[in-house]
Structures are given as structure tokens and as C-alpha cells.
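> My questions all concern the structure below.
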Amino acid sequence: MYQIFPFPFFVQTKLSWYICAIFYLSILDLHKNFLMEAKVSIIMGSTSDLPIMEKAANVLNEFCIPFEMNALSAHRTPQQAMDFARGAHGRGIRAIIAGAGGAAHLPGVIAALTPLPVIGVPVKASISIDGWDSILSILQMPPGIPVATVGLDGAQNAGILAAQILATANENLMKRIIEYKSNLAKKIVQANRELASVKYEYKTN
Ligand code: C2R
């Protein structure tokens, strides 16, 4: 038994238990990420999409949903994209959020290869003409291969939709979604209170 000066023996024993406990808890915390299994996979055609796609990550984080995030391209890494899509369901992933800009084939190709719901995020990238290229590439899928397409740069909605998909099989998460939605309603109530104090000669409310 090592000595922790200047405490008496019985205090030292307790102290060493506390020190051990803190040590193991910190190791557990360090390994939390390895113990958690991703339920949602966020993929993007390039890390240049990250400023948009991180909005989806923020939502999942807020809802305490474990997720993974990777860059993957149907154009530049076709084999990896195929392997990812074929393996995602077996790894316990429940929904995929796929963002891409320009000729955005990534979400559709992934949707063709997985039974999981794929949420597509059209990104207005530097190579985009005006964003419509990406929107139409993701939205106009042939019958049989749906991609749930959110608005241009709408990664936040993609995160919320993924959470809602998971919540259909998770009561706790569903409660948090309900709370989130009711907070949105409260925001509008508050906005209307503020608007009530805005005065115009011809404003009637
Ligand atoms: P870089 O910035 O890397 O040149 O990428 C990416 O999503 C990004 O918006 C420019 C844009 O190319 C897009 N990209 C795709 C795909 N791979 C990359 N649309 C794909 O497979 O669909």
C-alpha cells in the first residue's frame, strides 16, 4: 500500500479507492466514443461540404444520437462508396445523411445499394452552377430508389428528419422530439409578442 502523506491509514485506503474510481471513470470517458455505436451515418462528397453538413451533426449531438461522419464520393471513391452502402445496415446504422454538391450522385448511388433510408442534402458548392444542379441530381430519383431530399444546404433539417426516423422505434427520443417541436411553437408565440410592440400607423394588431 502506497502512502499518501499526511493522511492516516483509513483515510488513505478510502482515498486510493477514490483515485482508482476517478482513474477508471476517466478511462471510460476516453473510450466512450469507441463504446458508442453509431446509429446515423453522415457522409459528404468532400470535406468542402463540412460547413454545411456540420449542421446535421449538431442536431444529432443535441439529441444525444451516436453518429459517424465521413467523406465519401461516388465519383472519386466508387469502390469505398459501394462497400460503405452495402455494409451500413449490418453495422447497426439506421439512417444515412448524404450531402453533395454539383453533379451530386452520392446520395442516389448509396440509396441504390442499401435498404436504409437515405436523406439527401443538396449542397451549393463552389462547383455548383446555382445549386439547382445538386438539388435535381438528388431529388429526381427514379421510382424504386427514393432519396428524402431536404432544401438546398438544409443539413439541419436532415439531422432532424434522421432523429424523427429513429424516434419511431425509441420512446425516449420521441419525447425529446415532441419537446423540441413544442419549443419551436413557443418561439413563434414569443415572436408574436415582440411583433405586437412594433407600431405602424396602419398596423392593426
Ligand atoms: P471539392 O471541394 O473536393 O473539389 O468537391 C462534393 O460534394 C463537393 O460539393 C466539390 C464538390 O464535389 C462534390 N462531390 C460530389 C460527389 N463527390 C464529390 N457530388 C459525388 O460522388 O456525388
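FYI, nothing fancy with the C-alpha cells labels: chains A, B, ... in order, residues from 1 per chain, ligands from 1 as they appear.
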Which residues form the shell of 10 Å around ligand 1 when you count only C-alpha atoms and all ligand atoms, given as a ChimeraX atom specification?

/A:43-50,52,71-78,81,98-110,121-128,133-134,137-138

> Those same residues - N, CA and C atoms - I'd like them written as a short mmCIF file (atom, residue, chain, number, x, y, z; two decimals), in the first residue's frame.


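Once written, out-v1.cif looks like this:
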```cif
data_model
loop_
_atom_site.label_atom_id
_atom_site.label_comp_id
_atom_site.auth_asym_id
_atom_site.auth_seq_id
_atom_site.Cartn_x
_atom_site.Cartn_y
_atom_site.Cartn_z
N ILE A 43 -22.48 11.28 -44.42
CA ILE A 43 -21.39 11.24 -45.42
C ILE A 43 -21.50 12.48 -46.29
N MET A 44 -20.37 12.86 -46.85
CA MET A 44 -20.37 14.05 -47.72
C MET A 44 -19.36 13.83 -48.84
N GLY A 45 -19.63 14.42 -49.99
CA GLY A 45 -18.79 14.21 -51.16
C GLY A 45 -17.37 14.70 -50.98
N SER A 46 -17.22 15.69 -50.10
CA SER A 46 -15.90 16.29 -49.88
C SER A 46 -15.93 17.01 -48.54
N THR A 47 -14.77 17.20 -47.94
CA THR A 47 -14.75 17.98 -46.70
C THR A 47 -15.08 19.44 -46.96
N SER A 48 -15.09 19.86 -48.24
CA SER A 48 -15.52 21.24 -48.52
C SER A 48 -17.02 21.40 -48.23
N ASP A 49 -17.74 20.27 -48.06
CA ASP A 49 -19.17 20.33 -47.70
C ASP A 49 -19.37 20.44 -46.19
N LEU A 50 -18.29 20.32 -45.43
CA LEU A 50 -18.41 20.26 -43.97
C LEU A 50 -19.12 21.46 -43.33
N ILE A 52 -21.54 23.02 -44.22
CA ILE A 52 -22.98 22.78 -44.31
C ILE A 52 -23.36 21.53 -43.51
N ALA A 71 -16.10 11.46 -45.26
CA ALA A 71 -16.15 11.92 -46.65
C ALA A 71 -16.10 10.69 -47.54
N LEU A 72 -16.94 10.70 -48.57
CA LEU A 72 -17.06 9.54 -49.45
C LEU A 72 -17.59 10.08 -50.77
N SER A 73 -17.05 9.58 -51.88
CA SER A 73 -17.50 10.13 -53.17
C SER A 73 -17.80 8.99 -54.14
N ALA A 74 -19.00 9.06 -54.72
CA ALA A 74 -19.35 8.06 -55.74
C ALA A 74 -18.47 8.23 -56.97
N HIS A 75 -17.97 9.45 -57.16
CA HIS A 75 -17.12 9.72 -58.32
C HIS A 75 -15.66 9.38 -58.05
N ARG A 76 -15.17 9.85 -56.90
CA ARG A 76 -13.73 9.73 -56.64
C ARG A 76 -13.36 8.45 -55.91
N THR A 77 -14.30 7.91 -55.11
CA THR A 77 -14.01 6.66 -54.37
C THR A 77 -15.19 5.69 -54.57
N PRO A 78 -15.44 5.28 -55.83
CA PRO A 78 -16.64 4.46 -56.10
C PRO A 78 -16.66 3.14 -55.32
N ALA A 81 -17.45 3.77 -51.68
CA ALA A 81 -18.86 4.17 -51.55
C ALA A 81 -19.74 2.93 -51.60
N ALA A 98 -26.70 12.03 -46.57
CA ALA A 98 -25.66 12.16 -47.59
C ALA A 98 -25.73 13.54 -48.24
N GLY A 99 -24.66 14.29 -48.12
CA GLY A 99 -24.61 15.63 -48.71
C GLY A 99 -23.62 15.67 -49.85
N ALA A 100 -23.97 16.38 -50.92
CA ALA A 100 -23.05 16.53 -52.04
C ALA A 100 -23.44 17.75 -52.86
N GLY A 101 -22.45 18.31 -53.54
CA GLY A 101 -22.69 19.49 -54.38
C GLY A 101 -22.47 19.18 -55.85
N GLY A 102 -22.93 20.07 -56.71
CA GLY A 102 -22.74 19.91 -58.16
C GLY A 102 -23.49 18.70 -58.70
N ALA A 103 -22.77 17.88 -59.48
CA ALA A 103 -23.37 16.63 -60.01
C ALA A 103 -23.44 15.63 -58.86
N ALA A 104 -24.45 15.78 -58.02
CA ALA A 104 -24.47 15.12 -56.71
C ALA A 104 -25.05 13.70 -56.82
N HIS A 105 -24.20 12.77 -57.24
CA HIS A 105 -24.66 11.39 -57.42
C HIS A 105 -24.57 10.55 -56.16
N LEU A 106 -23.81 11.04 -55.19
CA LEU A 106 -23.54 10.24 -53.98
C LEU A 106 -24.80 9.72 -53.28
N PRO A 107 -25.78 10.60 -52.94
CA PRO A 107 -26.94 10.09 -52.20
C PRO A 107 -27.71 9.01 -52.98
N GLY A 108 -27.88 9.21 -54.29
CA GLY A 108 -28.62 8.25 -55.11
C GLY A 108 -27.91 6.92 -55.24
N VAL A 109 -26.61 6.96 -55.40
CA VAL A 109 -25.84 5.72 -55.53
C VAL A 109 -25.91 4.93 -54.22
N ILE A 110 -25.80 5.64 -53.10
CA ILE A 110 -25.88 4.97 -51.80
C ILE A 110 -27.28 4.37 -51.62
N VAL A 121 -28.80 15.79 -48.91
CA VAL A 121 -28.63 17.24 -48.69
C VAL A 121 -27.95 17.85 -49.92
N PRO A 122 -28.70 18.59 -50.74
CA PRO A 122 -28.05 19.28 -51.85
C PRO A 122 -27.20 20.43 -51.30
N VAL A 123 -25.95 20.46 -51.70
CA VAL A 123 -25.03 21.49 -51.19
C VAL A 123 -24.70 22.48 -52.31
N LYS A 124 -24.78 23.74 -52.01
CA LYS A 124 -24.38 24.75 -53.01
C LYS A 124 -22.87 24.90 -52.91
N ALA A 125 -22.17 24.08 -53.69
CA ALA A 125 -20.71 24.03 -53.62
C ALA A 125 -20.10 25.06 -54.55
N SER A 126 -18.77 25.18 -54.46
CA SER A 126 -18.08 26.15 -55.34
C SER A 126 -18.24 25.75 -56.81
N ILE A 127 -18.40 24.43 -57.07
CA ILE A 127 -18.55 23.98 -58.47
C ILE A 127 -20.00 24.03 -58.95
N SER A 128 -20.95 24.35 -58.02
CA SER A 128 -22.36 24.39 -58.41
C SER A 128 -22.59 25.53 -59.38
N ASP A 133 -28.34 22.25 -59.82
CA ASP A 133 -27.69 21.01 -60.31
C ASP A 133 -27.72 19.95 -59.22
N SER A 134 -27.35 20.38 -58.02
CA SER A 134 -27.29 19.44 -56.90
C SER A 134 -28.70 19.02 -56.45
N SER A 137 -30.18 16.59 -59.03
CA SER A 137 -29.48 15.30 -59.04
C SER A 137 -29.94 14.42 -57.88
N ILE A 138 -30.25 15.05 -56.75
CA ILE A 138 -30.62 14.27 -55.56
C ILE A 138 -32.13 14.00 -55.52
#
```

> With a cut-off of 10 Å, could you pull out the residues of segment 76-155 of chain A touching segment 64-68 of chain A and give me the nearest pair of atoms for each, distance in Å to one decimal, using only C-alpha atoms, ordered by chain and ascending number, as JSON lines?


```
{"residue": "A:Ile93", "atom": "CA", "partner": "A:Phe67", "partner_atom": "CA", "distance": 8.5}
{"residue": "A:Ala95", "atom": "CA", "partner": "A:Phe67", "partner_atom": "CA", "distance": 9.8}
{"residue": "A:Ile96", "atom": "CA", "partner": "A:Phe67", "partner_atom": "CA", "distance": 9.7}
```

> Can you work out the spacing between atom CA of Ile160 of chain A and atom CA of Val59 of chain A in Å, to one decimal?

6.5 Å

> Nearest to Ala57 of chain A among A:Leu184, A:Leu195, A:Leu35, A:Ile97, with distances taken over only C-alpha atoms: which residue is it?

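So, comparing all the options, the nearest one is A:Ile97.
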
> Residues within 8 Å of Phe63 of chain A, please, as a PDB file with C-alpha atoms, in the first residue's frame. Count only C-alpha atoms; anything in the same chain fewer than 2 positions from it doesn't count.


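Output file selection17.pdb follows:
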```pdb
ATOM      1  CA  VAL A  59     -28.651  18.296 -34.329  1.00  0.00           C
ATOM      2  CA  LEU A  60     -27.720  14.642 -33.725  1.00  0.00           C
ATOM      3  CA  ASN A  61     -25.386  15.713 -30.946  1.00  0.00           C
ATOM      4  CA  ILE A  65     -27.765  10.237 -31.058  1.00  0.00           C
ATOM      5  CA  ALA A 163     -33.791  11.849 -35.441  1.00  0.00           C
ATOM      6  CA  LEU A 173     -36.131  10.047 -28.264  1.00  0.00           C
ATOM      7  CA  ARG A 176     -37.337  14.772 -26.896  1.00  0.00           C
TER       8      ARG A 176
END
```

> Go ahead and compute the interatomic distance for atom CA of Asp153 of chain A and atom CA of Trp132 of chain A, in Å to one decimal.

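Atom CA of Asp153 of chain A sits 11.3 Å away from atom CA of Trp132 of chain A.
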
> Step one, run DSSP on the backbone; step two, keep only residues of segment 27-173 of chain A assigned to helix (DSSP H, G or I); then write them as a PyMOL selection string.

chain A and resi 27-30+32-35+47-62+78-87+89-91+106-113+132-139+155-167+171-173

> Kindly indicate which residue among A:Ile177, A:Ile19, A:Ala111, A:Ala196 lies nearest to Gly159 of chain A, using only C-alpha atoms for the distances.

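Checking each candidate against Gly159 of chain A, we get A:Ile177 as the closest.
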
> Rank A:Ala88, A:Leu161, A:Leu136, A:Ala191 by their smallest atom-to-atom distance to Ala56 of chain A, using only C-alpha atoms, and report the top residue only.

A:Leu161
